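One structure is given below, encoded as C-alpha cells.
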Amino acid sequence: MKFGYEKLKQDGAARRGTITTAHGTIDTPAFMPVGTAATVKGMLPEQVAETGAQILLGNTYHLMLRPGAERVAELGGLHTFMNWDKPILTDSGGYQVMSLSKLRKITEEGVTFQSHVDGSRQHLSPERSIEIQHLLDADITMAFDECTPFPADEETAAESMRLSMRWAVRSKEAFQQRDGYGLFGIVQGSIYPELREESAEALKEIGFDGYAIGGLAVGEGQELMFQTLEKTIPHLPEDRPRYLMGVGKPPDLVGAVMRGVDMFDCVLPTRSGRTAQAFTRRGTINLMNARHAADPRPIDPDCQCYACRNYSRAYINHLLKCQEMLGPMLITRHNLHYYQELMAGMRSAIEQGALQQFAVNFEAQYTGGDIPEI
Ligand SMILES: [Zn+2]
C-alpha cells in the first residue's frame, strides 16, 4: 500500500481528502488527539476510536526518555505497545527539547540536552530523530527541526529556519522509504512571509510526502496565525497534505481549514478535560463552577457522546469537587468527541460546498453563550 493523499473535493481553499497509510486511511480535514506518553490521558484506545479519531500523535521526546525507542521496538512498535492499531504520527522531538529540557546546546550537528525526567545527558540529531520514529513505527514521521521561539526578529528567524532546512535535507536522507509510511517537512520562518516562502520552496525542492506548518500558535495570536497561513499555503503543493502543528481552539480549526489546512493536533481537548473545561457548541464552560452544582442537564444537550448521554453537569461538578478521576475522564471523552464532531461537520460542509455557511453558523453559536440557567 502506497502512502498518499487524495483530494476528493475543494470548497474555496478548503479541501476534503484522504490520507492512506500502512495502518489505515484518514479522512481530512482531521484532528489528531495527542498521546504523549503512549496514552491519550484518561482514555482507553477503543474510547478514543469511538470519538471518531483515526490517527493519534505520539511524542518522540517523551518516548525516547521513557521507555526508550529501542524498548518500544523490541515490544513490537508503538501500535502494539499502546494497543492502537490505527495510524500514528510522531513529532520529531525538537519542540519538546526546547520547551521541556534543561541545558540545551544547539549546534549544526543537532541538540544536546538534559532530560527533564532524570537529568541524564541526551542527544538528538536529524538522523537520530528519524531513527527513533522508525523504531516507534510511526506511519507519519516528522523532519527534525528547530521550533523558532516567538517573538524572534527577522534575522534570528531566518537563521533558525535555514538551520531547519539543512536538517530537513538530512532528515530526508535518513528516512527509509517503506510502503505506507510517509515523511513530512516542516515550514518555519516565524511571522515573516518572505521567510515562510523561502522555507516552503526549500522543502518542495527536497520533496516530502506532506508539509507541516510549524512555529505557530506560540503566542502570535489568531490574526497573525491566519495571515501567516495565507502567505504560506499557496507555496505548498496541491497534491500533498498540509498539517498545522499544535493548533488549536475550535475557531482556529475552522479558520485554518478555510485557508486550506488538512491536519491538526493539540493538547487542548485532553488538557482542558483535566482542568474542568469543556468545549461545547456554545463555547467553553468550566464545570467546577458552582452554577452547575444542581444542573441535571448534560454538558451539551445536543451532544451524543457517552458523557452527555449518561451524566449530568451536577454529577461531573460533584466528581471534580471530590477530585475523583472519573470527572476529568468524562470531560476528556466529551471534549475529544466534540473536536471530532467539529471536523466531521467541516468535512461534510466541504463536500456540499457549504463551508462558508458552516463557519457563519459555527461562529454565531460558539459566541452566543451557554444554555440558559435553570
Ligand atoms: Zn458530550
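Chains: A, B, ... in order of the C-alpha cells. Residues: from 1 per chain. Ligands: from 1, in order shown.
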Contact table chain A vs ligand 1, cut-off 6 Å, shortest pair per residue, only C-alpha atoms and all ligand atoms, as a tab-separated table:
residue	atom	partner	partner_atom_place_in_ligand_line	distance
A:Asp300	CA	ligand 1	1 (Zn)	5.7
A:Cys303	CA	ligand 1	1 (Zn)	4.5
A:Gln304	CA	ligand 1	1 (Zn)	5.8
A:Cys305	CA	ligand 1	1 (Zn)	4.2
A:Ala307	CA	ligand 1	1 (Zn)	5.4
A:Cys308	CA	ligand 1	1 (Zn)	4.2
A:His334	CA	ligand 1	1 (Zn)	4.0
Limited to C-alpha atoms, could you put the picked residues into a file as an mmCIF file, in the first residue's frame?
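Output file again39.cif is given in full below:
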data_model
loop_
_atom_site.group_PDB
_atom_site.id
_atom_site.type_symbol
_atom_site.label_atom_id
_atom_site.label_comp_id
_atom_site.auth_asym_id
_atom_site.auth_seq_id
_atom_site.Cartn_x
_atom_site.Cartn_y
_atom_site.Cartn_z
ATOM 1 C CA ASP A 300 -24.104 19.775 25.940
ATOM 2 C CA CYS A 303 -24.014 16.081 22.121
ATOM 3 C CA GLN A 304 -24.333 12.321 21.630
ATOM 4 C CA CYS A 305 -21.121 11.349 23.441
ATOM 5 C CA ALA A 307 -20.610 11.513 28.926
ATOM 6 C CA CYS A 308 -23.551 13.577 27.672
ATOM 7 C CA HIS A 334 -16.758 14.707 25.699
#
Could you pull the residues within 6 Å of Leu124 in chain A, counting only C-alpha atoms, minus those fewer than 2 positions along the same chain, as a PyMOL selection string?
chain A and resi 110-111+128
Write a file of the selected residues as a JSON list (two decimals), in the first residue's frame, keeping N, CA and C atoms.
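Generated output (again-v6.json):
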[["chain", "number", "residue", "atom", "x", "y", "z"],
["A", 110, "GLY", "N", 23.23, 18.96, 15.82],
["A", 110, "GLY", "CA", 21.98, 18.60, 16.49],
["A", 110, "GLY", "C", 21.85, 19.31, 17.83],
["A", 111, "VAL", "N", 21.11, 18.69, 18.73],
["A", 111, "VAL", "CA", 20.85, 19.31, 20.05],
["A", 111, "VAL", "C", 21.26, 18.35, 21.15],
["A", 128, "ARG", "N", 19.13, 10.77, 14.29],
["A", 128, "ARG", "CA", 18.63, 10.03, 15.45],
["A", 128, "ARG", "C", 17.11, 10.20, 15.60]]
Please provide as a short mmCIF file (atom, residue, chain, number, x, y, z; two decimals) with C-alpha atoms, in the first residue's frame all residues within 7 Å of Ile19 in chain A, with the sequence filter that same-chain residues fewer than 5 positions apart are discarded (counting only C-alpha atoms).
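Generated file (part.cif):
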data_model
loop_
_atom_site.label_atom_id
_atom_site.label_comp_id
_atom_site.auth_asym_id
_atom_site.auth_seq_id
_atom_site.Cartn_x
_atom_site.Cartn_y
_atom_site.Cartn_z
CA GLY A 4 -0.59 9.07 -0.38
CA TYR A 5 -3.03 11.95 -0.29
CA GLU A 6 -6.11 12.18 -2.45
CA THR A 25 -7.00 5.70 5.92
CA ILE A 26 -7.53 9.13 7.46
CA ASP A 27 -10.37 11.40 6.36
#
Give me the residues within 7 Å of Leu57 in chain A as a compact mmCIF listing (two decimals) with C-alpha atoms, in the first residue's frame, counting only C-alpha atoms and dropping any in the same chain fewer than 4 places off.
# COMPACT_ATOMS: atom_id res chain seq x y z
CA MET A 32 -5.22 14.12 15.94
CA PRO A 33 -5.57 13.64 19.71
CA VAL A 34 -2.22 13.78 21.48
CA GLY A 35 -0.97 10.56 23.11
CA ILE A 88 0.19 7.18 14.33
CA LEU A 89 2.14 10.36 13.61
CA THR A 90 5.19 11.12 15.74
As a PyMOL selection string, please: the residues near Leu56 in chain A (cut-off 12 Å, only C-alpha atoms, same-chain neighbours under 5 positions excluded).
chain A and resi 23+26+30-40+45+48-49+78-79+82-91+138-140+263-267+336
Contacts of Glu205 in chain A within 12 Å, only C-alpha atoms, excl. fewer than 5 positions in-chain, as a list in words
Met165, Ala168, Val169, Lys172, Gly185, Glu198, Ser199, Ala200, His235, Leu236 and Pro237 of chain A
Let me see the file: selected residues, N, CA and C atoms, as a CSV table (one decimal), in the first residue's frame.
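Saved file result09.csv follows:
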chain,number,residue,atom,x,y,z
A,165,MET,N,16.1,23.9,7.6
A,165,MET,CA,16.1,23.4,6.2
A,165,MET,C,17.3,22.5,5.9
A,168,ALA,N,16.4,19.4,7.4
A,168,ALA,CA,15.3,18.7,6.6
A,168,ALA,C,16.0,17.8,5.5
A,169,VAL,N,17.1,18.3,4.9
A,169,VAL,CA,17.8,17.6,3.9
A,169,VAL,C,18.3,16.3,4.6
A,172,LYS,N,15.5,13.8,5.3
A,172,LYS,CA,15.1,13.1,4.1
A,172,LYS,C,16.1,11.9,3.8
A,185,GLY,N,7.9,17.4,5.8
A,185,GLY,CA,8.8,18.5,6.1
A,185,GLY,C,8.0,19.6,6.9
A,198,GLU,N,10.4,31.2,1.4
A,198,GLU,CA,11.8,30.6,1.2
A,198,GLU,C,11.8,29.1,1.8
A,199,SER,N,11.2,29.0,3.0
A,199,SER,CA,11.2,27.7,3.6
A,199,SER,C,10.3,26.7,2.8
A,200,ALA,N,9.1,27.1,2.4
A,200,ALA,CA,8.3,26.2,1.6
A,200,ALA,C,8.9,25.8,0.3
A,235,HIS,N,2.3,28.4,-1.4
A,235,HIS,CA,3.6,27.9,-1.8
A,235,HIS,C,3.7,26.4,-1.6
A,236,LEU,N,2.7,25.7,-1.1
A,236,LEU,CA,2.7,24.3,-0.8
A,236,LEU,C,2.0,23.5,-2.0
A,237,PRO,N,2.5,22.3,-2.3
A,237,PRO,CA,1.9,21.6,-3.4
A,237,PRO,C,0.5,21.2,-3.1
Residue neighbourhood range 240-256 of chain A, 9 Å, only C-alpha atoms, exclusion window fewer than 3 positions, as a PyMOL selection string
chain A and resi 4-7+14+17-19+28+31+184+186+208-218+222+225-226+229+233+236-237+259-269+279+283+339+342-343+346+359+362-363+366
Hey, can you check how far CA of Thr228 in chain A sits from CA of Ala157 in chain A?
13.9 Å
Please run DSSP on the backbone and report, as a list in words, all residues within range 174-232 of chain A that come out as helix (DSSP H, G or I).
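Answer for range 174-232 of chain A restricted to helix (DSSP H, G or I) is Ala174, Pro193, Glu194, Leu195, Arg196, Glu197, Glu198, Ser199, Ala200, Glu201, Ala202, Leu203, Lys204, Glu205, Ile206, Gln222, Glu223, Leu224, Met225, Phe226, Gln227, Thr228, Leu229, Glu230, Lys231 and Thr232 of chain A.
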Keeping N, CA and C atoms, export the residues of the selection given above as a compact mmCIF listing (two decimals), in the first residue's frame.
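In the end it all went to again.txt:
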# COMPACT_ATOMS: atom_id res chain seq x y z
N ALA A 174 17.98 10.37 5.87
CA ALA A 174 17.96 9.34 6.91
C ALA A 174 16.69 8.48 6.86
N PRO A 193 6.58 36.63 5.96
CA PRO A 193 6.11 35.98 4.72
C PRO A 193 7.25 35.54 3.79
N GLU A 194 8.30 36.37 3.65
CA GLU A 194 9.39 36.00 2.73
C GLU A 194 10.11 34.75 3.24
N LEU A 195 10.27 34.67 4.57
CA LEU A 195 10.94 33.50 5.14
C LEU A 195 10.09 32.25 4.99
N ARG A 196 8.78 32.40 5.19
CA ARG A 196 7.86 31.26 5.02
C ARG A 196 7.93 30.75 3.58
N GLU A 197 7.95 31.71 2.63
CA GLU A 197 8.03 31.32 1.22
C GLU A 197 9.35 30.59 0.93
N GLU A 198 10.44 31.17 1.44
CA GLU A 198 11.76 30.55 1.22
C GLU A 198 11.78 29.13 1.79
N SER A 199 11.20 28.97 2.97
CA SER A 199 11.18 27.67 3.63
C SER A 199 10.34 26.66 2.84
N ALA A 200 9.15 27.10 2.41
CA ALA A 200 8.26 26.21 1.64
C ALA A 200 8.95 25.77 0.34
N GLU A 201 9.60 26.71 -0.34
CA GLU A 201 10.27 26.39 -1.60
C GLU A 201 11.42 25.41 -1.37
N ALA A 202 12.17 25.63 -0.28
CA ALA A 202 13.30 24.74 0.03
C ALA A 202 12.80 23.31 0.29
N LEU A 203 11.69 23.20 1.01
CA LEU A 203 11.15 21.86 1.33
C LEU A 203 10.62 21.17 0.08
N LYS A 204 9.95 21.94 -0.79
CA LYS A 204 9.43 21.35 -2.04
C LYS A 204 10.57 20.79 -2.88
N GLU A 205 11.67 21.53 -2.87
CA GLU A 205 12.87 21.11 -3.62
C GLU A 205 13.38 19.76 -3.10
N ILE A 206 13.37 19.61 -1.76
CA ILE A 206 13.81 18.33 -1.16
C ILE A 206 12.78 17.24 -1.48
N GLN A 222 -4.43 34.82 16.87
CA GLN A 222 -5.12 34.20 15.74
C GLN A 222 -4.96 34.98 14.43
N GLU A 223 -4.99 36.31 14.51
CA GLU A 223 -4.94 37.12 13.29
C GLU A 223 -3.62 36.91 12.54
N LEU A 224 -2.50 36.98 13.30
CA LEU A 224 -1.19 36.77 12.68
C LEU A 224 -1.02 35.34 12.20
N MET A 225 -1.60 34.40 12.93
CA MET A 225 -1.53 33.00 12.51
C MET A 225 -2.24 32.82 11.16
N PHE A 226 -3.45 33.36 11.05
CA PHE A 226 -4.20 33.24 9.79
C PHE A 226 -3.46 33.95 8.64
N GLN A 227 -2.90 35.14 8.93
CA GLN A 227 -2.15 35.86 7.89
C GLN A 227 -0.97 35.01 7.41
N THR A 228 -0.27 34.39 8.37
CA THR A 228 0.89 33.57 8.01
C THR A 228 0.46 32.36 7.17
N LEU A 229 -0.68 31.76 7.53
CA LEU A 229 -1.19 30.64 6.72
C LEU A 229 -1.48 31.09 5.29
N GLU A 230 -2.09 32.27 5.16
CA GLU A 230 -2.43 32.77 3.82
C GLU A 230 -1.20 33.04 2.98
N LYS A 231 -0.08 33.38 3.65
CA LYS A 231 1.17 33.65 2.92
C LYS A 231 1.95 32.36 2.66
N THR A 232 1.64 31.29 3.39
CA THR A 232 2.44 30.06 3.30
C THR A 232 1.79 29.03 2.37
Using 12 Å as the limit and counting only C-alpha atoms, can you tabulate each residue of range 19-110 of chain A that touches range 312-328 of chain A, with its shortest atom-to-atom distance in Å and the two atoms involved, as CSV?
residue,atom,partner,partner_atom,distance
A:Lys41,CA,A:Pro328,CA,9.5
A:Gly42,CA,A:Pro328,CA,7.5
A:Met43,CA,A:Pro328,CA,10.0
Apply DSSP to the backbone of this structure and, from range 78-280 of chain A, keep only the residues in strand (DSSP E or B); write these as a PyMOL selection string.
chain A and resi 88-90+102-106+111-114+121-124+140-142+182-187+210-213+242-244+263-265+277-280
File dump, residues just selected, C-alpha atoms, as a compact mmCIF listing (two decimals), in the first residue's frame:
# COMPACT_ATOMS: atom_id res chain seq x y z
CA ILE A 88 0.19 7.18 14.33
CA LEU A 89 2.14 10.36 13.61
CA THR A 90 5.19 11.12 15.74
CA LYS A 102 17.32 21.95 30.54
CA LEU A 103 20.82 23.00 29.46
CA ARG A 104 20.23 22.75 25.74
CA LYS A 105 23.07 23.24 23.34
CA ILE A 106 22.24 23.59 19.65
CA VAL A 111 20.85 19.31 20.05
CA THR A 112 22.39 18.10 23.31
CA PHE A 113 20.16 18.46 26.34
CA GLN A 114 19.48 17.29 29.86
CA ARG A 121 22.54 13.83 29.06
CA GLN A 122 20.73 13.19 25.77
CA HIS A 123 21.33 13.95 22.12
CA LEU A 124 19.01 14.43 19.17
CA ILE A 140 3.97 9.60 9.55
CA THR A 141 7.47 10.74 10.54
CA MET A 142 8.25 14.42 11.02
CA GLY A 182 5.49 8.95 4.90
CA LEU A 183 7.85 11.77 5.86
CA PHE A 184 6.65 15.35 6.36
CA GLY A 185 8.78 18.50 6.12
CA ILE A 186 8.08 21.48 8.40
CA VAL A 187 7.82 25.07 7.15
CA GLY A 210 3.34 16.07 3.34
CA TYR A 211 4.07 19.59 4.56
CA ALA A 212 3.61 20.88 8.09
CA ILE A 213 3.45 24.47 9.16
CA ARG A 242 -0.86 20.15 4.98
CA TYR A 243 -0.57 19.92 8.73
CA LEU A 244 -0.82 22.89 11.12
CA MET A 263 -4.48 18.13 9.66
CA PHE A 264 -4.21 19.37 13.24
CA ASP A 265 -3.02 18.21 16.64
CA GLN A 277 -13.02 22.96 30.97
CA ALA A 278 -15.48 21.55 28.43
CA PHE A 279 -15.81 22.60 24.79
CA THR A 280 -19.39 22.85 23.58
Given the choices A:His337, A:His134, A:Arg274, A:His62, which gets closest to Ser115 in chain A if the distance is worked out from only C-alpha atoms?
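For Ser115 in chain A, the nearest of the candidates is A:His62.
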Between A:Ala13, A:Leu8, A:Leu135, A:Ile191, which residue has the minimum interatomic distance to Ala152 in chain A, considering only C-alpha atoms?
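Of the candidates, the smallest distance to Ala152 in chain A is held by A:Ile191.
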Considering only C-alpha atoms, can you say which of A:Ile371, A:Asn335, A:Gln356, A:Thr284 comes closest to Thr51 in chain A?
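Among the listed residues, A:Asn335 lies closest to Thr51 in chain A.
In terms of minimum interatomic distance to Lys9 in chain A, A:Leu355 ranks closest within A:Leu355, A:Ala364, A:Leu287, A:Leu65, counting only C-alpha atoms.
From CA of Met98 in chain A back to CA of Cys147 in chain A, the distance works out to 7.5 Å.
Among the candidates A:Gly24, A:Gly119, A:Gly189, A:Gly221, the residue lying nearest to Asp153 in chain A is A:Gly189 (atoms considered: only C-alpha atoms).
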